[in-house]
Amino acid sequence: MAGMGVFVASNYANPNDNNNNNQQMPTGSGANPGFIPSNLFFKGHQTLKEQLQSMKEKEVLEAMRKIVEMLAKGQDVSDLFPDVVKAVVSKSTEVKKLVYMYLVRYAEEQQDLALLSISTFQKGLKDPNQLIRASALRVLSSIRVQMIVPIMMLAIKDSVSDLSPYVRKTAAHAIPKLYSLDPEQRDQLVDVVEKLLQDRTTLVAGSAVMAFEQLCPERIDLIHKNYRRLCAIVADIDEWGQCAVITMLTRYARTQFVDPNKKSEEKKEGDSEESSSEEEDSEEDFMNTLRTGPVDMVDPDLRLLLQACRPLLQSRNSAVVMQVAQMFYHCAPESEIIHVVKALIRLLKGKREAQLIVLTNITTMSARHRNLFDQHMKSFFVNASDPTQIRLLKLEILTNIATESNIGVLLREFQTYVYSSDKEFAAATVHAIGRCAAEIKEITDVCLHGLMNLISTKDDTVVGESVIVIKKLLQMQNSDKSSIIKRMTRLLGSVTVPLARASILWLVGEYVEKVPKLAPDVLRKMAKSFPNEEDIVKLQVLNLAAKAWIVNNKKITLLVPYILAQAKYDLNYDIRDRERFIRKVLCPNSETPSPLEKYAKKFFMTSKPPPNLRSSFKNRDEYQLGSLSHMLNSTIMGYQALPIFPDVPSDSTLRDVVDTSWAAPATPEQGLLRGPPNKGRGFYSESEGEESSEEDSEEEESDSDEESDEESDEDESEDESSDEENDEEESSEEESDSSEEVESSEEESSSEEEAPPPPKSSKKKTAPNKTETLLDFGDPVVSDTPPVITAVQQQSTLDELLGGDLGGLSLGGETLSTSPGGGGANYNSLEGLSRPSHELLHRLSGGGLSIDYSFPRTESGEGGSVPISLTFNNTTDQDITDVRIEDLDGKGSVTMDDWIGIPVIPSGQTSQTCLYINFNDTLQPAKFTISCNKGRYPVIIQPPVGELLVPQVLVESEFDELRGKLSGMHETSGECESGGKSASEISQLVSSRISSSLCFCGDPNSLKFGSKTVATEKMLLVSLDVGEDGKVKVIVNSEAVVLGSMILKDLVKGIGK
């Protein structure tokens, strides 16, 4: 028997020994099929044949169990096929099941023998047992003989109408087999697939979609009527079917709906053009533009798909989670991709194989959206047990998500990776440091300094990669490079990596005019070792010789011809060609000048563009996430590229279904379609119930007088499902998850219970403010018909309420004023603090409401929030009421403390208040919307870098000790002219630009300032030495490397004015 030669029989007795004639074949779970000798194998088969021919069902059943056991262990039992086929007529259901399991495995190999029992298989299709019917169809479809195609077609058509969903599922699996056997049957099979797609059983849906994908993926018209039903039942389909359905629906969405991100981009461009219009434009038109609220640009049917698949992110199957993630990545608005982040991070705790796939996809996602995973940065730190491939992927992700706020932590992590024993990983870390330096300009000098220190290490791989990265970084800088080039040329005697040696020679040749005395010495050393160098180094030596000859040929009159003579007889034709080209252009030691010599400088000394240090995973974005082509970064046979979004969406009526047997709404705006009752809903996330209560509350509010139109539009744009269970629990879950909902762009953060409410009222759908529980403005604020309240009545009522509740409240050292005179409603007063103010909202843009803001440098709020003083000025002849803050942009790391709001600003009056924003030590602006009865106005607050600090009182000894600890990569320095300023004037200038505390020093010309960041409380020290020659040396020491670099540039710029 084939393959028996690999068996080892040393552990068994001699087969010729008479004492072993009765030895039986070892069976059971402890038997090892790789160590069974041939004679015992055949002897066991003979025993099984005798049992199969027995008239006793018990013996036949025992024989079939042994055969299936051997089959599961990978043993070849094909010689038993004739005897097993005979057992198919057995009346025992257990025997038939085992026989069909065997026949499915060998029917394709033993086709002639299988044809002899074709009538038996046809009888099996009518068996009362659904498992027998399904097994018979499976065996029949496994016989790859052209003559039985009509029989297979009839069997499939009959099975599609079978009462058992398991048989219908098997029929769906048989369709691709029949199509591959006879493609001419495609038209008939398409009709069968269309019928299967209409099957309402979740067991059949996945198999029907898979048959559709393999048979006729271009027939999108078959999906239209089933689209919403598939979205409704996708959560109840088996995991294998979920992957197939989600993949198909992803392609469907890309062909039927417009790109949601494209619309948002066009809207942003339109807003920017309108905001930059001249003031002479019509004020009324400008106001109408700004009053337009946020509109969900996602198609309702696409929103239905996104909402239906989102609960599957909590699936235990990593393939399902990955399919949902790729669907959100390719079809969802960019603001909603954040929903898949936590699910992908959870998959990193699985097996290494799954980690590799997930990390590959995360790398592509982070290359395009770097802010997605910055909150989970520590999840990508390299572990000691990680293999090299996973290490490289984690390093790539860390590099992609590097920003000004986290680069300090990443550089400290990279310093550890550089000294790893894994050479490939260490070299990749050096390249990652170079990429970070190229993308974040503030740390370029710091990284160059660190890379120069790596050059002195003994690891050739690290040294070589450092040289290559330094070369690329120098190309991107305009500063003086001579000192770095001189230091790198000293490495030519020790560096052995060919690419690193070539990079050093390229630097010397590229900047030969800046180091004219260095080039001849380098060329002299390379001329000695020219024959032993690699080809890439030889080419750079020839280039250096040509450039040095053009700049100054007096010192190398004999050296260049000597190098050209060696290159003339080199084995590599590229080097010989380069030598002939240089000789013809420059003509060294030739009496007749070459006609091309006047163009030599253009040939060799042309400036080169800086290199583009970018992620290699940006090229993989063209492939669909989760596909094999994306994993291998190459188009694999059978891969179908994702279609491009159409410019015009398809008609939504194509997806309307007249059938009302499913208790589902006619349109997806009202929620997800519902199928038959399903009790197993505990698998889904709590957010699903949360969204249900939100939908219910929106339906209760839809009858309000003033905002019914607005809320109906918002209902169409939101993607909440409408489950009707556990409403009270959902309300509490909403409060606990409110922080997560603020980050989501499509979810709202308020809901109401379904208990019979008081008379319906009009309510703004804003996040509940915790401080509002301290104030009770009375019932008239929320009523069926809001009464008309004059400015005087409202002011007096407000004064009474605030006078009793907040009369003694003090913020920033000032007492809260509630009197109606002297400046109007003055909440959280900050008067008396003179700080430069900035315009936040112009009166023309704000419909008569102007807003200024300043940074008072009072005590910071909870969690490192920066206090900001807001001054509201009402320039109109009417009261401005209900001033609130809405729609804080939650994409970044900026957060805002609860703000009480201003109920009323009387005409011609001014109101001051304090707002606390946590910028998390970054310069990311805070984007939010100011809303009032006049309209909604988007505004942006950009914090100055010096306002992200708070003073830190230090004595000189403490200052010097901390400065010693924050040396090396944590130190940046610069120099500027004082411009005639004295030390005291410079001290006042520094205090005005950064929030810091002056440290007393004995030397009046030495200034030291101590401060720390507001959010993370990292120390930042500033030292200034005012020289007698009018120069000021500025040194900044801080763990926040990026922040320190920005502070240094700001101070140097301010002092030098």
# chains A, B, ... in the order shown; residues from 1 in each chain; ligands from 1
>>> select_by_dssp(residues="stretch 625-657 of chain A", states="helix (DSSP H, G or I)", output="number ranges by chain")
A: 628-632, 652-655
>>> write_last_selection(atoms="C-alpha atoms", output="compact mmCIF listing (two decimals), in the first residue's frame")
# COMPACT_ATOMS: atom_id res chain seq x y z
CA LEU A 628 -4.90 36.92 2.15
CA SER A 629 -3.80 39.49 -0.42
CA HIS A 630 -3.63 42.12 2.32
CA MET A 631 -1.67 39.78 4.55
CA LEU A 632 0.91 39.00 1.85
CA SER A 652 -33.90 52.71 -1.51
CA THR A 653 -37.23 51.36 -2.76
CA LEU A 654 -35.31 48.46 -4.31
CA ARG A 655 -34.85 47.13 -0.79
>>> residues_around(residues="stretch 633-642 of chain A", least_positions_apart="2", cutoff="10 Å", atoms="only C-alpha atoms", output="number ranges by chain")
A: 250-252, 254-255, 330, 616-617, 619-624, 627-631, 644-645
>>> residues_around(residues="A:Glu579", least_positions_apart="3", cutoff="8 Å", atoms="only C-alpha atoms", output="JSON list (two decimals) with N, CA, C and O atoms, in the first residue's frame")
[["chain", "number", "residue", "atom", "x", "y", "z"],
["A", 542, "LEU", "N", 33.06, 56.23, -6.95],
["A", 542, "LEU", "CA", 33.17, 56.90, -8.25],
["A", 542, "LEU", "C", 32.41, 58.23, -8.26],
["A", 542, "LEU", "O", 32.90, 59.23, -8.82],
["A", 564, "LEU", "N", 39.67, 55.56, -11.39],
["A", 564, "LEU", "CA", 39.01, 55.22, -12.65],
["A", 564, "LEU", "C", 39.69, 54.05, -13.33],
["A", 564, "LEU", "O", 39.02, 53.22, -13.97],
["A", 567, "ALA", "N", 38.38, 50.92, -11.71],
["A", 567, "ALA", "CA", 37.00, 50.64, -12.09],
["A", 567, "ALA", "C", 36.89, 50.18, -13.53],
["A", 567, "ALA", "O", 35.92, 49.49, -13.89],
["A", 568, "LYS", "N", 37.85, 50.53, -14.36],
["A", 568, "LYS", "CA", 37.80, 50.18, -15.78],
["A", 568, "LYS", "C", 37.80, 48.67, -15.99],
["A", 568, "LYS", "O", 37.19, 48.15, -16.93],
["A", 575, "ILE", "N", 29.66, 49.25, -12.89],
["A", 575, "ILE", "CA", 30.82, 50.05, -12.46],
["A", 575, "ILE", "C", 31.66, 50.45, -13.67],
["A", 575, "ILE", "O", 32.14, 51.59, -13.76],
["A", 576, "ARG", "N", 31.82, 49.54, -14.61],
["A", 576, "ARG", "CA", 32.58, 49.89, -15.83],
["A", 576, "ARG", "C", 31.85, 50.99, -16.61],
["A", 576, "ARG", "O", 32.49, 51.92, -17.13],
["A", 582, "ILE", "N", 32.08, 58.90, -16.50],
["A", 582, "ILE", "CA", 32.82, 59.94, -15.79],
["A", 582, "ILE", "C", 34.04, 60.37, -16.60],
["A", 582, "ILE", "O", 34.37, 61.57, -16.69],
["A", 583, "ARG", "N", 34.73, 59.42, -17.20],
["A", 583, "ARG", "CA", 35.94, 59.74, -17.97],
["A", 583, "ARG", "C", 35.59, 60.62, -19.18],
["A", 583, "ARG", "O", 36.32, 61.56, -19.52]]
>>> closest_residue(among="A:Asn874, A:Asn918, A:Asn553, A:Ser992", to="A:Pro836", atoms="only C-alpha atoms")
A:Ser992
>>> closest_residue(among="A:Leu1048, A:Asn129, A:Pro595, A:Ile246", to="A:Thr93", atoms="only C-alpha atoms")
A:Asn129
>>> residues_around(residues="stretch 492-499 of chain A", least_positions_apart="5", cutoff="10 Å", atoms="only C-alpha atoms", output="list in words")
Ile455, Ser456, Lys458, Asp459, Asp460, Thr461, Val462, Val463, Gly464, Glu465, Val467, Ile468, Ile504, Leu505, Val522, Lys525, Met526, Glu533, Glu534, Asp535, Ile536, Val537 and Lys538 of chain A
>>> write_last_selection(atoms="N, CA, C and O atoms", output="compact mmCIF listing (two decimals), in the first residue's frame")
# COMPACT_ATOMS: atom_id res chain seq x y z
N ILE A 455 26.06 55.41 17.07
CA ILE A 455 27.13 55.10 16.12
C ILE A 455 28.35 54.52 16.84
O ILE A 455 29.10 53.72 16.29
N SER A 456 28.52 54.91 18.11
CA SER A 456 29.70 54.45 18.86
C SER A 456 29.51 53.07 19.48
O SER A 456 30.41 52.58 20.15
N LYS A 458 28.99 48.83 19.53
CA LYS A 458 29.77 47.76 18.88
C LYS A 458 28.92 46.90 17.95
O LYS A 458 29.46 46.01 17.29
N ASP A 459 27.67 47.13 17.91
CA ASP A 459 26.78 46.32 17.07
C ASP A 459 26.79 46.89 15.66
O ASP A 459 26.34 48.01 15.40
N ASP A 460 27.33 46.12 14.71
CA ASP A 460 27.44 46.60 13.33
C ASP A 460 26.08 46.86 12.72
O ASP A 460 25.91 47.79 11.92
N THR A 461 25.09 46.04 13.06
CA THR A 461 23.75 46.22 12.48
C THR A 461 23.14 47.54 12.92
O THR A 461 22.60 48.29 12.09
N VAL A 462 23.25 47.84 14.20
CA VAL A 462 22.70 49.09 14.72
C VAL A 462 23.46 50.29 14.16
O VAL A 462 22.87 51.31 13.76
N VAL A 463 24.78 50.17 14.10
CA VAL A 463 25.60 51.27 13.58
C VAL A 463 25.26 51.54 12.11
O VAL A 463 25.08 52.68 11.68
N GLY A 464 25.16 50.46 11.34
CA GLY A 464 24.85 50.64 9.92
C GLY A 464 23.50 51.27 9.69
O GLY A 464 23.35 52.19 8.87
N GLU A 465 22.49 50.80 10.42
CA GLU A 465 21.16 51.37 10.27
C GLU A 465 21.12 52.82 10.75
O GLU A 465 20.42 53.66 10.18
N VAL A 467 23.57 55.00 10.60
CA VAL A 467 24.18 55.83 9.56
C VAL A 467 23.19 56.11 8.43
O VAL A 467 23.08 57.23 7.92
N ILE A 468 22.47 55.07 8.04
CA ILE A 468 21.49 55.23 6.95
C ILE A 468 20.40 56.22 7.35
O ILE A 468 20.00 57.09 6.56
N ILE A 504 27.69 56.94 3.98
CA ILE A 504 28.70 57.92 4.42
C ILE A 504 29.36 58.58 3.21
O ILE A 504 29.53 59.81 3.16
N LEU A 505 29.72 57.77 2.23
CA LEU A 505 30.35 58.33 1.02
C LEU A 505 29.38 59.24 0.28
O LEU A 505 29.78 60.27 -0.27
N VAL A 522 39.07 61.22 2.39
CA VAL A 522 38.17 60.07 2.30
C VAL A 522 38.41 59.31 1.01
O VAL A 522 38.45 58.07 0.98
N LYS A 525 41.54 57.13 1.23
CA LYS A 525 41.36 55.89 1.98
C LYS A 525 40.57 54.86 1.17
O LYS A 525 40.88 53.67 1.20
N MET A 526 39.56 55.31 0.46
CA MET A 526 38.74 54.38 -0.31
C MET A 526 39.46 53.86 -1.53
O MET A 526 39.15 52.76 -2.03
N GLU A 533 35.81 46.33 -2.06
CA GLU A 533 34.54 46.86 -1.63
C GLU A 533 33.38 46.22 -2.40
O GLU A 533 33.57 45.65 -3.48
N GLU A 534 32.17 46.34 -1.81
CA GLU A 534 30.97 45.88 -2.50
C GLU A 534 30.62 46.83 -3.64
O GLU A 534 31.09 47.97 -3.69
N ASP A 535 29.78 46.35 -4.55
CA ASP A 535 29.46 47.14 -5.74
C ASP A 535 28.79 48.47 -5.38
O ASP A 535 29.07 49.50 -5.99
N ILE A 536 27.88 48.44 -4.39
CA ILE A 536 27.20 49.67 -4.03
C ILE A 536 28.17 50.71 -3.47
O ILE A 536 28.01 51.93 -3.68
N VAL A 537 29.23 50.25 -2.78
CA VAL A 537 30.23 51.17 -2.25
C VAL A 537 31.11 51.70 -3.38
O VAL A 537 31.46 52.89 -3.41
N LYS A 538 31.47 50.85 -4.34
CA LYS A 538 32.30 51.28 -5.47
C LYS A 538 31.62 52.38 -6.28
O LYS A 538 32.26 53.34 -6.70
>>> atom_distance(atom1="atom CA of A:Val321", atom2="atom CA of A:Arg228")
20.7 Å
>>> closest_residue(among="A:Ser117, A:Ser335, A:Ser1011, A:Ser991", to="A:Leu962", atoms="only C-alpha atoms")
A:Ser1011
>>> residues_around(residues="A:Gln477", least_positions_apart="5", cutoff="10 Å", atoms="only C-alpha atoms", output="list in words")
Ala438, Lys441, Thr444, Asp445, Lys472 and Pro610 of chain A
>>> closest_residue(among="A:Cys231, A:Ala548, A:Leu348, A:Val1022", to="A:Val508", atoms="only C-alpha atoms")
A:Ala548
>>> closest_atom_pairs(of="stretch 421-464 of chain A", to="stretch 1027-1046 of chain A", cutoff="12 Å", atoms="only C-alpha atoms", output="tab-separated table")
residue	atom	partner	partner_atom	distance
A:Cys436	CA	A:Val1042	CA	11.6
A:Ala437	CA	A:Val1042	CA	11.0
A:Ile440	CA	A:Val1042	CA	8.4
A:Lys441	CA	A:Val1042	CA	9.0
A:Glu442	CA	A:Ser1045	CA	5.7
A:Ile443	CA	A:Val1042	CA	6.3
A:Thr444	CA	A:Ser1045	CA	9.9
A:Asp445	CA	A:Ser1045	CA	9.5
A:Val446	CA	A:Val1041	CA	8.5
A:Cys447	CA	A:Val1041	CA	10.6
>>> atom_distance(atom1="atom CA of A:Pro176", atom2="atom CA of A:Ile223")
18.3 Å
>>> closest_residue(among="A:Gln185, A:Gln110, A:Gln46, A:Ser615", to="A:Ala63", atoms="only C-alpha atoms")
A:Gln46
>>> closest_residue(among="A:Leu870, A:Val60, A:Ala308, A:Ala384", to="A:Ser850", atoms="only C-alpha atoms")
A:Leu870
>>> residues_around(residues="A:Asn552", least_positions_apart="5", cutoff="10 Å", atoms="only C-alpha atoms", output="list in words")
Val512, Glu513, Pro516, Lys517, Ala519, Pro520, Lys547 and Thr557 of chain A
>>> write_last_selection(atoms="all heavy atoms", output="PDB file, in the first residue's frame")
ATOM      1  N   VAL A 512      30.073  68.052  -0.560  1.00  0.00           N
ATOM      2  CA  VAL A 512      31.516  68.192  -0.739  1.00  0.00           C
ATOM      3  C   VAL A 512      31.935  69.653  -0.720  1.00  0.00           C
ATOM      4  O   VAL A 512      33.064  69.980  -0.340  1.00  0.00           O
ATOM      5  CB  VAL A 512      31.940  67.502  -2.054  1.00  0.00           C
ATOM      6  CG1 VAL A 512      31.324  68.199  -3.251  1.00  0.00           C
ATOM      7  CG2 VAL A 512      33.453  67.430  -2.185  1.00  0.00           C
ATOM      8  N   GLU A 513      31.039  70.557  -1.104  1.00  0.00           N
ATOM      9  CA  GLU A 513      31.392  71.969  -1.080  1.00  0.00           C
ATOM     10  C   GLU A 513      31.506  72.501   0.333  1.00  0.00           C
ATOM     11  O   GLU A 513      32.210  73.481   0.582  1.00  0.00           O
ATOM     12  CB  GLU A 513      30.329  72.770  -1.847  1.00  0.00           C
ATOM     13  CG  GLU A 513      30.282  72.435  -3.333  1.00  0.00           C
ATOM     14  CD  GLU A 513      29.184  73.188  -4.066  1.00  0.00           C
ATOM     15  OE1 GLU A 513      28.246  73.659  -3.392  1.00  0.00           O
ATOM     16  OE2 GLU A 513      29.290  73.308  -5.287  1.00  0.00           O
ATOM     17  N   PRO A 516      35.316  70.700   1.836  1.00  0.00           N
ATOM     18  CA  PRO A 516      36.249  70.500   0.700  1.00  0.00           C
ATOM     19  C   PRO A 516      37.556  69.846   1.093  1.00  0.00           C
ATOM     20  O   PRO A 516      38.179  69.147   0.288  1.00  0.00           O
ATOM     21  CB  PRO A 516      36.457  71.927   0.181  1.00  0.00           C
ATOM     22  CG  PRO A 516      36.177  72.811   1.366  1.00  0.00           C
ATOM     23  CD  PRO A 516      35.115  72.119   2.162  1.00  0.00           C
ATOM     24  N   LYS A 517      37.973  70.040   2.353  1.00  0.00           N
ATOM     25  CA  LYS A 517      39.239  69.447   2.779  1.00  0.00           C
ATOM     26  C   LYS A 517      39.075  67.991   3.204  1.00  0.00           C
ATOM     27  O   LYS A 517      40.062  67.248   3.272  1.00  0.00           O
ATOM     28  CB  LYS A 517      39.806  70.249   3.945  1.00  0.00           C
ATOM     29  CG  LYS A 517      40.149  71.692   3.582  1.00  0.00           C
ATOM     30  CD  LYS A 517      40.742  72.428   4.774  1.00  0.00           C
ATOM     31  CE  LYS A 517      41.081  73.877   4.418  1.00  0.00           C
ATOM     32  NZ  LYS A 517      41.653  74.612   5.589  1.00  0.00           N
ATOM     33  N   ALA A 519      36.976  65.670   1.691  1.00  0.00           N
ATOM     34  CA  ALA A 519      36.730  64.766   0.571  1.00  0.00           C
ATOM     35  C   ALA A 519      38.001  64.108   0.033  1.00  0.00           C
ATOM     36  O   ALA A 519      38.018  62.894  -0.220  1.00  0.00           O
ATOM     37  CB  ALA A 519      35.991  65.505  -0.538  1.00  0.00           C
ATOM     38  N   PRO A 520      39.115  64.832  -0.177  1.00  0.00           N
ATOM     39  CA  PRO A 520      40.326  64.151  -0.684  1.00  0.00           C
ATOM     40  C   PRO A 520      40.851  63.066   0.242  1.00  0.00           C
ATOM     41  O   PRO A 520      41.300  62.004  -0.214  1.00  0.00           O
ATOM     42  CB  PRO A 520      41.332  65.305  -0.826  1.00  0.00           C
ATOM     43  CG  PRO A 520      40.485  66.522  -0.986  1.00  0.00           C
ATOM     44  CD  PRO A 520      39.293  66.296  -0.126  1.00  0.00           C
ATOM     45  N   LYS A 547      32.543  64.299  -8.038  1.00  0.00           N
ATOM     46  CA  LYS A 547      32.153  65.548  -7.373  1.00  0.00           C
ATOM     47  C   LYS A 547      33.369  66.281  -6.813  1.00  0.00           C
ATOM     48  O   LYS A 547      33.437  67.517  -6.875  1.00  0.00           O
ATOM     49  CB  LYS A 547      31.160  65.245  -6.268  1.00  0.00           C
ATOM     50  CG  LYS A 547      29.828  64.701  -6.773  1.00  0.00           C
ATOM     51  CD  LYS A 547      28.897  64.328  -5.640  1.00  0.00           C
ATOM     52  CE  LYS A 547      27.583  63.753  -6.172  1.00  0.00           C
ATOM     53  NZ  LYS A 547      26.665  63.348  -5.084  1.00  0.00           N
ATOM     54  N   THR A 557      44.682  65.255  -8.529  1.00  0.00           N
ATOM     55  CA  THR A 557      45.015  65.129  -9.951  1.00  0.00           C
ATOM     56  C   THR A 557      45.390  63.699 -10.304  1.00  0.00           C
ATOM     57  O   THR A 557      45.020  63.191 -11.381  1.00  0.00           O
ATOM     58  CB  THR A 557      46.167  66.084 -10.305  1.00  0.00           C
ATOM     59  OG1 THR A 557      45.811  67.416  -9.911  1.00  0.00           O
ATOM     60  CG2 THR A 557      46.459  66.059 -11.812  1.00  0.00           C
TER      61      THR A 557
END
>>> atom_distance(atom1="atom CA of A:Pro906", atom2="atom CA of A:Phe928")
23.7 Å
